[in-house]
>>> print(open('upload_30.cif').read())   # mmCIF, C-alpha atoms
data_query
#
loop_
_atom_site.label_atom_id
_atom_site.label_comp_id
_atom_site.auth_asym_id
_atom_site.auth_seq_id
_atom_site.Cartn_x
_atom_site.Cartn_y
_atom_site.Cartn_z
CA MET A 8 14.46 37.33 -151.20
CA LYS A 9 12.97 40.79 -150.94
CA LYS A 10 9.49 39.27 -150.97
CA LEU A 11 10.39 36.98 -148.06
CA VAL A 12 11.74 39.84 -145.98
CA PHE A 13 8.65 41.87 -146.73
CA ALA A 14 6.38 38.97 -145.62
CA LEU A 15 8.28 38.60 -142.35
CA MET A 16 7.94 42.32 -141.68
CA LEU A 17 4.20 42.12 -142.25
CA ALA A 18 3.89 39.14 -139.89
CA ALA A 19 5.86 40.94 -137.18
CA ALA A 20 3.67 43.99 -137.56
CA ALA A 21 0.55 41.86 -137.31
CA VAL A 22 1.86 40.20 -134.17
CA SER A 23 2.70 43.56 -132.63
CA ASN A 24 -0.78 44.89 -133.46
CA ALA A 25 -2.42 41.77 -132.04
CA THR A 26 -0.35 42.07 -128.87
CA ALA A 27 -1.23 45.70 -128.49
CA GLN A 28 -4.91 44.98 -129.04
CA THR A 29 -4.85 42.06 -126.56
CA VAL A 30 -3.17 43.90 -123.68
CA GLN A 31 -4.59 47.31 -124.34
CA THR A 32 -6.35 46.93 -121.00
CA ASP A 33 -4.23 46.81 -117.84
CA PRO A 34 -2.49 43.45 -117.72
CA LEU A 35 -2.09 43.65 -113.91
CA GLN A 36 -4.08 45.52 -111.28
CA CYS A 37 -3.58 45.33 -107.49
CA TRP A 38 -5.13 47.01 -104.49
CA TRP A 39 -4.90 46.94 -100.69
CA ARG A 40 -7.58 46.53 -98.05
CA SER A 41 -6.93 46.88 -94.31
CA SER A 42 -8.96 45.69 -91.35
CA ALA A 43 -8.76 49.12 -89.66
CA GLY A 44 -7.98 52.68 -90.62
CA ALA A 45 -6.06 53.42 -87.42
CA VAL A 46 -4.27 51.13 -84.98
CA ARG A 47 -2.43 51.47 -81.72
CA VAL A 48 1.21 50.68 -81.26
CA GLY A 49 1.58 46.92 -80.84
CA GLU A 50 -1.98 46.21 -82.00
CA PRO A 51 -2.17 43.45 -84.66
CA PHE A 52 -4.11 44.26 -87.81
CA THR A 53 -4.65 42.68 -91.20
CA VAL A 54 -3.95 43.90 -94.70
CA VAL A 55 -5.16 42.05 -97.78
CA LEU A 56 -3.50 42.31 -101.18
CA THR A 57 -5.70 41.44 -104.17
CA CYS A 58 -4.45 41.36 -107.75
CA ALA A 59 -6.20 40.78 -111.07
CA VAL A 60 -4.09 39.52 -113.99
CA LEU A 61 -5.10 39.16 -117.60
CA GLU A 62 -5.73 35.63 -118.85
CA THR A 63 -7.31 35.12 -122.26
CA ASP A 64 -6.90 32.71 -125.13
CA ASP A 65 -4.49 35.12 -126.85
CA ALA A 66 -2.52 36.57 -123.93
CA THR A 67 -1.54 35.46 -120.45
CA VAL A 68 0.16 37.55 -117.79
CA VAL A 69 2.67 35.62 -115.68
CA VAL A 70 3.41 37.28 -112.32
CA ASP A 71 6.37 36.44 -110.09
CA GLN A 72 4.52 35.69 -106.82
CA THR A 73 7.47 34.29 -104.90
CA ARG A 74 8.10 37.68 -103.24
CA LEU A 75 4.52 37.83 -102.00
CA GLU A 76 4.61 34.76 -99.78
CA PRO A 77 3.95 35.59 -96.08
CA SER A 78 7.17 33.85 -95.07
CA VAL A 79 9.23 36.02 -97.43
CA VAL A 80 7.65 39.44 -97.71
CA GLN A 81 8.80 42.27 -95.42
CA PHE A 82 6.85 45.42 -94.48
CA ALA A 83 9.39 47.53 -92.59
CA PRO A 84 8.82 49.22 -90.17
CA TYR A 85 5.89 46.88 -89.62
CA GLU A 86 6.48 43.43 -88.15
CA THR A 87 4.99 40.50 -90.08
CA LEU A 88 3.21 38.08 -87.74
CA GLY A 89 1.99 35.67 -90.40
CA GLY A 90 -0.35 35.34 -93.30
CA SER A 91 -2.07 33.09 -95.79
CA HIS A 92 -2.62 32.67 -99.53
CA GLY A 93 -6.14 31.88 -100.65
CA ALA A 94 -7.25 29.94 -103.71
CA ASP A 95 -7.29 31.78 -107.03
CA LEU A 96 -10.53 32.85 -108.70
CA ARG A 97 -11.02 33.05 -112.46
CA THR A 98 -13.39 34.83 -114.82
CA ASP A 99 -13.47 34.92 -118.61
CA GLN A 100 -10.53 37.32 -118.91
CA ARG A 101 -9.08 37.67 -115.41
CA ARG A 102 -7.42 35.59 -112.74
CA PHE A 103 -7.56 36.93 -109.17
CA PHE A 104 -5.09 35.99 -106.46
CA GLN A 105 -5.05 37.23 -102.90
CA TYR A 106 -2.65 37.34 -99.94
CA GLU A 107 -3.52 38.16 -96.36
CA TYR A 108 -0.88 39.49 -93.95
CA ARG A 109 -1.04 40.08 -90.18
CA LEU A 110 1.09 43.04 -89.14
CA ARG A 111 1.83 45.24 -86.16
CA LEU A 112 4.02 48.20 -85.42
CA ILE A 113 6.18 48.54 -82.34
CA ALA A 114 8.03 51.86 -82.26
CA ASP A 115 8.13 54.83 -79.91
CA GLY A 116 8.38 57.58 -82.50
CA MET A 117 5.30 56.90 -84.64
CA PHE A 118 2.54 58.22 -82.39
CA GLY A 119 -0.02 60.32 -84.24
CA ARG A 120 1.57 59.74 -87.65
CA ASP A 121 0.56 58.04 -90.89
CA VAL A 122 2.94 55.18 -91.55
CA ALA A 123 2.79 53.83 -95.10
CA LEU A 124 3.51 50.30 -96.19
CA PRO A 125 6.85 50.04 -98.03
CA ASP A 126 6.89 50.28 -101.79
CA MET A 127 6.43 46.92 -103.48
CA LYS A 128 7.17 46.07 -107.09
CA LEU A 129 5.85 43.03 -108.93
CA SER A 130 7.61 41.58 -111.95
CA TYR A 131 5.51 40.11 -114.71
CA LYS A 132 5.65 39.03 -118.34
CA VAL A 133 3.05 38.87 -121.09
CA GLN A 134 2.85 35.65 -123.07
CA THR A 135 1.11 35.97 -126.45
CA LYS A 136 -0.09 33.01 -128.47
CA VAL A 137 0.37 32.95 -132.25
CA GLY A 138 -1.38 30.07 -133.95
CA GLN A 139 -2.14 26.83 -132.14
CA LYS A 140 1.22 25.98 -130.57
CA THR A 141 3.48 29.02 -130.93
CA SER A 142 3.76 31.50 -128.04
CA LEU A 143 5.82 34.68 -127.76
CA GLN A 144 7.43 35.60 -124.43
CA GLY A 145 7.30 39.31 -123.68
CA ARG A 146 9.93 41.32 -121.85
CA ASP A 147 10.06 41.71 -118.06
CA GLN A 148 7.83 44.47 -116.80
CA THR A 149 7.35 45.99 -113.36
CA TYR A 150 4.16 46.92 -111.55
CA VAL A 151 4.36 49.34 -108.62
CA MET A 152 1.93 48.61 -105.82
CA PRO A 153 -0.41 51.45 -104.80
CA ALA A 154 0.35 53.23 -101.55
CA GLN A 155 -1.31 52.20 -98.30
CA SER A 156 -0.92 54.06 -95.00
CA MET A 157 -2.06 53.38 -91.44
CA ARG A 158 -2.73 55.93 -88.73
CA ILE A 159 -0.76 55.09 -85.60
CA LEU A 160 -2.43 55.98 -82.29
CA SER A 161 -0.74 56.35 -78.93
CA LEU A 162 -1.00 53.35 -76.61
CA VAL A 163 0.72 54.75 -73.51
CA PRO A 164 0.29 57.97 -71.52
CA SER A 165 2.66 60.86 -72.03
CA ASP A 166 4.56 60.19 -68.81
CA ALA A 167 5.26 56.54 -69.63
CA ALA A 168 8.90 55.55 -69.91
CA ASP A 169 8.42 52.71 -72.36
CA ILE A 170 5.86 50.82 -74.43
CA ARG A 171 4.04 48.00 -72.70
CA ASP A 172 2.21 45.15 -74.41
CA THR A 173 -1.15 44.83 -72.64
CA SER A 174 -2.63 42.08 -74.78
CA ALA A 175 -2.87 39.79 -71.69
CA SER A 176 -5.01 41.52 -69.08
CA ASP A 177 -6.03 38.65 -66.81
CA THR A 178 -6.89 39.61 -63.23
CA PHE A 179 -7.17 37.54 -60.09
CA SER A 180 -10.92 37.41 -60.64
CA ASP A 181 -10.44 36.02 -64.16
CA ILE A 182 -8.06 33.39 -62.82
CA ASP A 183 -10.53 32.42 -60.08
CA GLN A 184 -13.34 32.08 -62.61
CA ARG A 185 -11.24 29.86 -64.84
CA ALA A 186 -10.20 27.71 -61.89
CA PHE A 187 -13.83 27.37 -60.77
CA ARG A 188 -14.90 26.42 -64.29
CA ALA A 189 -12.11 23.85 -64.53
CA ASN A 190 -13.07 22.31 -61.17
CA LEU A 191 -16.72 22.22 -62.17
CA PHE A 192 -15.92 20.39 -65.40
CA THR A 193 -13.75 17.95 -63.46
CA VAL A 194 -16.58 17.15 -61.07
CA ILE A 195 -19.08 16.75 -63.92
CA GLY A 196 -16.70 14.46 -65.77
CA SER A 197 -16.11 12.33 -62.66
CA VAL A 198 -19.83 11.98 -61.98
CA SER A 199 -20.49 11.08 -65.62
CA PHE A 200 -17.74 8.47 -65.49
CA VAL A 201 -19.22 6.92 -62.32
CA LEU A 202 -22.72 6.86 -63.82
CA ALA A 203 -21.37 5.25 -67.00
CA ALA A 204 -19.59 2.60 -64.91
CA LEU A 205 -22.79 1.87 -62.96
CA MET A 206 -24.84 1.59 -66.12
CA GLY A 207 -22.27 -0.76 -67.63
CA LEU A 208 -22.26 -2.90 -64.47
CA LEU A 209 -26.06 -3.01 -64.48
CA GLY A 210 -26.03 -4.10 -68.12
CA LEU A 211 -23.55 -6.88 -67.37
CA VAL A 212 -25.69 -8.11 -64.46
CA ARG A 213 -28.82 -8.20 -66.60
CA LEU A 214 -26.94 -9.94 -69.37
CA PHE A 215 -25.64 -12.55 -66.93
CA GLN A 216 -29.13 -13.13 -65.54
CA ARG A 217 -30.61 -13.46 -69.02
CA TYR A 218 -28.14 -16.14 -70.05
CA ARG A 219 -28.18 -17.85 -66.67
CA LYS A 220 -31.89 -18.66 -66.69
CA PRO A 221 -31.87 -20.72 -69.89
CA ALA A 222 -28.82 -22.59 -68.59
CA ALA A 223 -30.66 -23.45 -65.38
CA ALA A 224 -33.68 -24.69 -67.31
CA ALA A 225 -31.62 -26.68 -69.79
CA SER A 226 -31.71 -29.75 -67.57
CA ALA A 227 -35.54 -29.76 -67.58
CA ARG A 228 -35.89 -29.00 -71.30
CA LEU A 229 -34.36 -31.74 -73.39
CA ILE A 230 -36.04 -30.69 -76.64
CA SER A 231 -37.48 -27.43 -77.95
CA ASP A 232 -41.17 -26.61 -78.13
CA GLY A 233 -40.98 -26.31 -81.89
CA ALA A 234 -39.52 -29.82 -82.20
CA ILE A 235 -42.23 -31.22 -79.91
CA LEU A 236 -45.06 -29.62 -81.86
CA GLY A 237 -43.46 -30.82 -85.09
CA GLY A 238 -43.50 -34.38 -83.75
CA VAL A 239 -47.15 -33.98 -82.75
CA GLY A 240 -47.95 -32.84 -86.29
CA ARG A 241 -46.24 -35.89 -87.78
CA GLU A 242 -48.14 -38.19 -85.45
CA LEU A 243 -51.50 -36.63 -86.37
CA SER A 244 -50.61 -36.92 -90.06
CA ALA A 245 -49.84 -40.60 -89.56
CA VAL A 246 -53.19 -41.08 -87.79
CA GLN A 247 -54.98 -39.32 -90.67
CA HIS A 248 -53.20 -41.57 -93.18
CA ASP A 249 -54.26 -44.72 -91.32
CA ARG A 250 -57.80 -43.37 -91.00
CA ASP A 251 -58.01 -42.74 -94.74
CA ALA A 252 -56.85 -46.31 -95.33
CA GLY A 253 -59.55 -47.80 -93.11
CA SER A 254 -61.94 -47.15 -90.26
CA TRP A 255 -61.28 -45.96 -86.73
CA THR A 256 -59.97 -48.40 -84.12
CA THR A 257 -59.29 -48.07 -80.41
CA GLU A 258 -55.54 -48.18 -81.05
CA LEU A 259 -55.80 -45.38 -83.61
CA ALA A 260 -57.91 -43.31 -81.21
CA ALA A 261 -55.29 -43.89 -78.47
CA ARG A 262 -52.55 -42.54 -80.73
CA ALA A 263 -54.64 -39.49 -81.60
CA ILE A 264 -55.48 -38.68 -77.98
CA GLY A 265 -51.79 -38.94 -77.00
CA ALA A 266 -50.86 -36.32 -79.58
CA LEU A 267 -53.83 -34.11 -78.68
CA ARG A 268 -52.92 -34.19 -74.98
CA ILE A 269 -49.51 -32.72 -75.77
CA ALA A 270 -51.05 -29.90 -77.81
CA ALA A 271 -53.68 -29.33 -75.09
CA THR A 272 -50.89 -29.06 -72.51
CA TYR A 273 -49.52 -26.06 -74.41
CA ALA A 274 -53.04 -24.63 -74.72
CA ILE A 275 -53.57 -24.50 -70.94
CA GLY A 276 -50.04 -23.24 -70.25
CA ARG A 277 -48.54 -26.28 -68.54
CA PRO A 278 -45.09 -27.80 -69.17
CA VAL A 279 -44.83 -30.92 -71.29
CA SER A 280 -43.25 -33.99 -69.71
CA GLN A 281 -39.82 -34.79 -71.17
CA MET A 282 -37.42 -37.58 -70.30
CA PRO A 283 -34.80 -39.69 -72.06
CA ALA A 284 -36.38 -42.65 -73.83
CA SER A 285 -33.56 -44.93 -72.66
CA ARG A 286 -35.10 -45.01 -69.18
CA LEU A 287 -38.37 -46.26 -70.63
CA LEU A 288 -36.67 -48.86 -72.77
CA ALA A 289 -34.80 -50.20 -69.76
CA ASP A 290 -37.96 -51.31 -67.92
CA GLY A 291 -40.19 -51.77 -70.97
CA SER A 292 -42.50 -48.89 -70.07
CA GLU A 293 -42.54 -47.53 -73.60
CA THR A 294 -44.94 -50.21 -74.81
CA LEU A 295 -47.17 -49.84 -71.74
CA GLU A 296 -47.86 -46.14 -72.27
CA PRO A 297 -48.69 -45.52 -75.93
CA GLY A 298 -49.55 -41.85 -75.18
CA ARG A 299 -45.85 -40.98 -75.24
CA LEU A 300 -44.15 -39.74 -78.41
CA ILE A 301 -40.55 -40.71 -79.06
CA LEU A 302 -38.69 -37.81 -80.67
CA LYS A 303 -35.07 -37.19 -81.53
CA ALA A 304 -33.12 -34.17 -80.29
CA GLY A 305 -29.57 -33.07 -81.02
CA TRP A 306 -27.26 -33.28 -84.02
CA PRO A 307 -25.78 -35.22 -85.72
CA ARG A 308 -26.71 -38.29 -83.64
CA GLY A 309 -29.97 -37.28 -81.99
CA LYS A 310 -31.01 -38.65 -78.63
CA ARG A 311 -34.40 -40.26 -78.22
CA ILE A 312 -36.67 -38.19 -75.97
CA ALA A 313 -40.04 -39.34 -74.67
CA VAL A 314 -42.66 -36.56 -74.62
CA SER A 315 -46.17 -36.78 -73.16
CA GLY A 316 -48.97 -34.62 -71.81
CA ALA A 317 -51.17 -35.37 -68.81
CA VAL A 318 -54.27 -33.38 -69.77
CA THR A 319 -57.85 -34.61 -69.71
CA SER A 320 -61.15 -33.00 -70.53
CA GLN A 321 -61.65 -32.28 -66.82
CA THR A 322 -58.27 -30.50 -66.68
CA VAL A 323 -59.26 -28.33 -69.62
CA ALA A 324 -62.61 -27.58 -67.98
CA ARG A 325 -60.89 -26.38 -64.80
CA SER A 326 -58.57 -24.17 -66.83
CA LEU A 327 -61.62 -22.84 -68.68
CA ALA A 328 -63.27 -21.91 -65.38
CA GLN A 329 -60.35 -19.71 -64.33
CA PRO A 330 -60.85 -15.94 -64.77
CA GLY A 331 -59.00 -13.99 -67.42
CA ASN A 332 -59.71 -16.17 -70.47
CA THR A 333 -60.41 -14.30 -73.65
CA ALA A 334 -63.38 -15.26 -75.80
CA ALA A 335 -61.19 -16.78 -78.53
CA HIS A 336 -59.13 -18.81 -76.08
CA ALA A 337 -62.23 -19.99 -74.22
CA ALA A 338 -63.75 -21.23 -77.50
CA LEU A 339 -60.50 -23.05 -78.29
CA LEU A 340 -60.46 -24.77 -74.89
CA GLU A 341 -64.09 -25.87 -75.31
CA THR A 342 -63.31 -27.58 -78.62
CA VAL A 343 -60.23 -29.20 -77.07
CA SER A 344 -62.33 -30.52 -74.17
CA ARG A 345 -64.90 -32.06 -76.54
CA ALA A 346 -62.18 -33.64 -78.70
CA LEU A 347 -60.49 -35.16 -75.64
CA ALA A 348 -63.82 -36.55 -74.42
CA THR A 349 -64.52 -38.08 -77.84
CA PHE A 350 -61.11 -39.77 -78.10
CA THR A 351 -61.30 -40.94 -74.47
CA ALA A 352 -64.71 -42.58 -75.04
CA ALA A 353 -63.38 -44.32 -78.16
CA THR A 354 -60.21 -45.52 -76.44
CA PHE A 355 -62.02 -47.08 -73.50
CA SER A 356 -65.09 -48.27 -75.40
CA ARG A 357 -66.26 -51.71 -74.18
CA ASP A 358 -68.59 -52.65 -76.99
CA GLY A 359 -66.11 -51.63 -79.71
CA LYS A 360 -68.61 -49.38 -81.46
CA LEU A 361 -66.96 -46.12 -82.62
CA ASP A 362 -68.54 -42.99 -84.04
CA ASP A 363 -66.41 -42.31 -87.12
CA SER A 364 -67.87 -38.87 -87.82
CA ALA A 365 -67.29 -37.70 -84.22
CA LEU A 366 -63.73 -39.02 -84.31
CA ASP A 367 -63.08 -37.30 -87.66
CA GLU A 368 -64.30 -34.04 -86.17
CA ALA A 369 -62.07 -34.54 -83.10
CA LEU A 370 -59.08 -35.21 -85.38
CA ALA A 371 -59.76 -32.00 -87.32
CA THR A 372 -59.98 -30.14 -84.00
CA SER A 373 -56.61 -31.59 -83.00
CA LYS A 374 -55.03 -30.25 -86.17
CA THR A 375 -56.57 -26.82 -85.59
CA VAL A 376 -55.24 -26.70 -82.03
CA LEU A 377 -51.81 -27.78 -83.24
CA ARG A 378 -51.66 -25.00 -85.84
CA ARG A 379 -52.68 -22.46 -83.18
CA MET A 380 -50.01 -23.68 -80.77
CA LYS A 381 -47.29 -23.59 -83.42
CA PHE A 382 -48.15 -20.00 -84.19
CA GLU A 383 -48.17 -18.99 -80.53
CA GLN A 384 -44.78 -20.62 -79.93
CA LEU A 385 -43.05 -18.38 -82.46
CA TRP A 386 -40.51 -16.07 -80.81
CA PHE A 387 -42.15 -12.81 -81.87
CA MET A 388 -45.53 -14.01 -80.55
CA LYS A 389 -43.90 -14.79 -77.20
CA ARG A 390 -42.34 -11.32 -77.13
CA LEU A 391 -45.66 -9.74 -78.02
CA ALA A 392 -47.44 -11.62 -75.27
CA ILE A 393 -44.82 -10.58 -72.72
CA ARG A 394 -44.96 -6.91 -73.73
CA ARG A 395 -48.71 -6.81 -73.68
CA ALA A 396 -48.61 -7.64 -69.96
CA GLY A 397 -52.28 -8.30 -70.35
CA SER A 398 -54.66 -10.71 -68.73
CA PRO A 399 -53.68 -13.46 -66.25
CA LEU A 400 -54.20 -15.89 -69.12
CA ASP A 401 -51.26 -14.37 -71.01
CA ASN A 402 -49.06 -14.50 -67.95
CA ARG A 403 -50.03 -18.11 -67.36
CA VAL A 404 -49.45 -19.20 -70.95
CA TRP A 405 -46.01 -17.59 -71.38
CA SER A 406 -44.64 -18.08 -67.87
CA ARG A 407 -43.10 -21.36 -68.86
#
>>> encode(input="upload_30.cif", output="structure tokens")
Amino acid sequence: MKKLVFALMLAAAAVSNATAQTVQTDPLQCWWRSSAGAVRVGEPFTVVLTCAVLETDDATVVVDQTRLEPSVVQFAPYETLGGSHGADLRTDQRRFFQYEYRLRLIADGMFGRDVALPDMKLSYKVQTKVGQKTSLQGRDQTYVMPAQSMRILSLVPSDAADIRDTSASDTFSDIDQRAFRANLFTVIGSVSFVLAALMGLLGLVRLFQRYRKPAAAASARLISDGAILGGVGRELSAVQHDRDAGSWTTELAARAIGALRIAATYAIGRPVSQMPASRLLADGSETLEPGRLILKAGWPRGKRIAVSGAVTSQTVARSLAQPGNTAAHAALLETVSRALATFTAATFSRDGKLDDSALDEALATSKTVLRRMKFEQLWFMKRLAIRRAGSPLDNRVWSR
């Protein structure tokens, strides 16, 4: 039993020594800082309270900060106008907390005197850790805040009867300037609103015009240019297939020249003829004019549309003679003119003798022209041609 008591006494002594060694430095330190060394009566000023408390692995100082809140603390004879509590900062052994207070003094007997802040006392405890989970709670201790004084200056002359708050010193001139500034901002806002309304109206008009033009042309365009050129490509492929299976005939040359005329119509910038095929079927005209291509437009049950081009080698030659043609486009039109002349001679040949090599070359030219027209009918190529605003040839090609 005596040994047990002796062991407990040794442990208590060790704990006391450890506590003394841990908190041998100041467990709590506070100091004031003011925004001015001297203030006038009624003039707001700021005082900042900063405290450093000990926080280590072995000891922690717990401070009662409830009395320091701006809504609670009192600094008589000063009047508390408000305040704030900033975020705490930590180092290896210290935690810093800070409070900011806005004060002022309104009294008629403090002129030319040093008025100190009232005495403040902070309660704190020291918690000491023993082992991993055991902690010892120390007794309540009190920390007395250091003194802080402010020099109070006179705000009123010696013959004044009372103290006047002159924080608001607006004159008639200040009021006139503010009224002028307010009227100016009102006028600027009104003008900006009117300009915004005009710009919005202009945008709506342009949008209406943009969507109105395609609607007006919808009656004339029954099928898109891409669908037409796709049909021309299928027709030329069918002609090539029949040519590979045998020799050229006048009927095969007539089919090829019908497809080439449609592609040549795009090359010279003219619109392609479009009409419902039902009108042709009614009077039997479809079989009389083999130059027409019957295509389907619409989904899911497409309508049959008859497409044709009325272009001859003479028409291409007249387009070639117009000014503004680029070198590349002029070379393309020359090959188109020769191909049309070759197919025309084969279609209307009286002796039935056909030049297969010339017709093969004309068919290859037709495919080249078709590829060129498909590329130029892409939407970004049309936009590029419009933005270039270049030669009359560009304006003529894309005007449709």
>>> resolve_selection(input="upload_30.cif", expression="the PyMOL selection byres ((chain A and resi 125) around 9)", output="list of chain:residue names")
A:Gln81, A:Phe82, A:Ala83, A:Pro84, A:Ala123, A:Leu124, A:Asp126, A:Met127, A:Ala154, A:Gln155
>>> resolve_selection(input="upload_30.cif", expression="the PyMOL selection byres ((chain A and resi 130) around 8)", output="VMD selection string")
chain A and resid 70 to 71 128 to 129 131 to 132 147 to 150
>>> write_last_selection(input="upload_30.cif", atoms="C-alpha atoms", output="PDB file, in the frame of the given file")
ATOM      1  CA  VAL A  70       3.410  37.280-112.320  1.00  0.00           C
ATOM      2  CA  ASP A  71       6.370  36.440-110.090  1.00  0.00           C
ATOM      3  CA  LYS A 128       7.170  46.070-107.090  1.00  0.00           C
ATOM      4  CA  LEU A 129       5.850  43.030-108.930  1.00  0.00           C
ATOM      5  CA  TYR A 131       5.510  40.110-114.710  1.00  0.00           C
ATOM      6  CA  LYS A 132       5.650  39.030-118.340  1.00  0.00           C
ATOM      7  CA  ASP A 147      10.060  41.710-118.060  1.00  0.00           C
ATOM      8  CA  GLN A 148       7.830  44.470-116.800  1.00  0.00           C
ATOM      9  CA  THR A 149       7.350  45.990-113.360  1.00  0.00           C
ATOM     10  CA  TYR A 150       4.160  46.920-111.550  1.00  0.00           C
TER      11      TYR A 150
END
>>> resolve_selection(input="upload_30.cif", expression="the PyMOL selection byres ((chain A and resi 85) around 12)", output="number ranges by chain")
A: 46, 48-54, 80-84, 86-89, 108-114, 117, 122-125, 156-157, 159
>>> atom_distance(input="upload_30.cif", atom1="CA of Val60 (chain A)", atom2="CA of Arg101 (chain A)")
5.5 Å
>>> closest_residue(input="upload_30.cif", among="A:Ala353, A:Cys58, A:Ala66, A:Ala274", to="Glu258 (chain A)", atoms="all atoms listed in the file")
A:Ala353
>>> atom_distance(input="upload_30.cif", atom1="CA of Ala338 (chain A)", atom2="CA of Asp249 (chain A)")
28.9 Å
>>> closest_residue(input="upload_30.cif", among="A:Glu242, A:Gly253, A:Ile235, A:Gln321", to="Val279 (chain A)", atoms="only C-alpha atoms")
A:Ile235
>>> atom_distance(input="upload_30.cif", atom1="CA of Ala324 (chain A)", atom2="CA of Leu300 (chain A)")
24.4 Å
>>> closest_residue(input="upload_30.cif", among="A:Asp33, A:Asp232, A:Glu341, A:Asp183", to="Phe382 (chain A)", atoms="all atoms listed in the file")
A:Asp232
>>> closest_residue(input="upload_30.cif", among="A:Thr349, A:Thr319, A:Gly238, A:Ala313", to="Ala369 (chain A)", atoms="all atoms listed in the file")
A:Thr349
>>> closest_residue(input="upload_30.cif", among="A:Thr57, A:Val246, A:Arg40, A:Thr67", to="Gln144 (chain A)", atoms="all atoms listed in the file")
A:Thr67
>>> axis_aligned_box(input="upload_30.cif", around="region 362-376 of chain A", padding_each_side="3 Å", output="lines of an AutoDock Vina configuration file")
center_x = -61.8
center_y = -34.8
center_z = -84.9
size_x = 19.5
size_y = 22.3
size_z = 11.8
>>> residues_around(input="upload_30.cif", residues="Val323 (chain A)", least_positions_apart="5", cutoff="9 Å", atoms="only C-alpha atoms", output="MDAnalysis selection string")
chainID A and resid 271:272 274:275 318 328 340:341 343:344
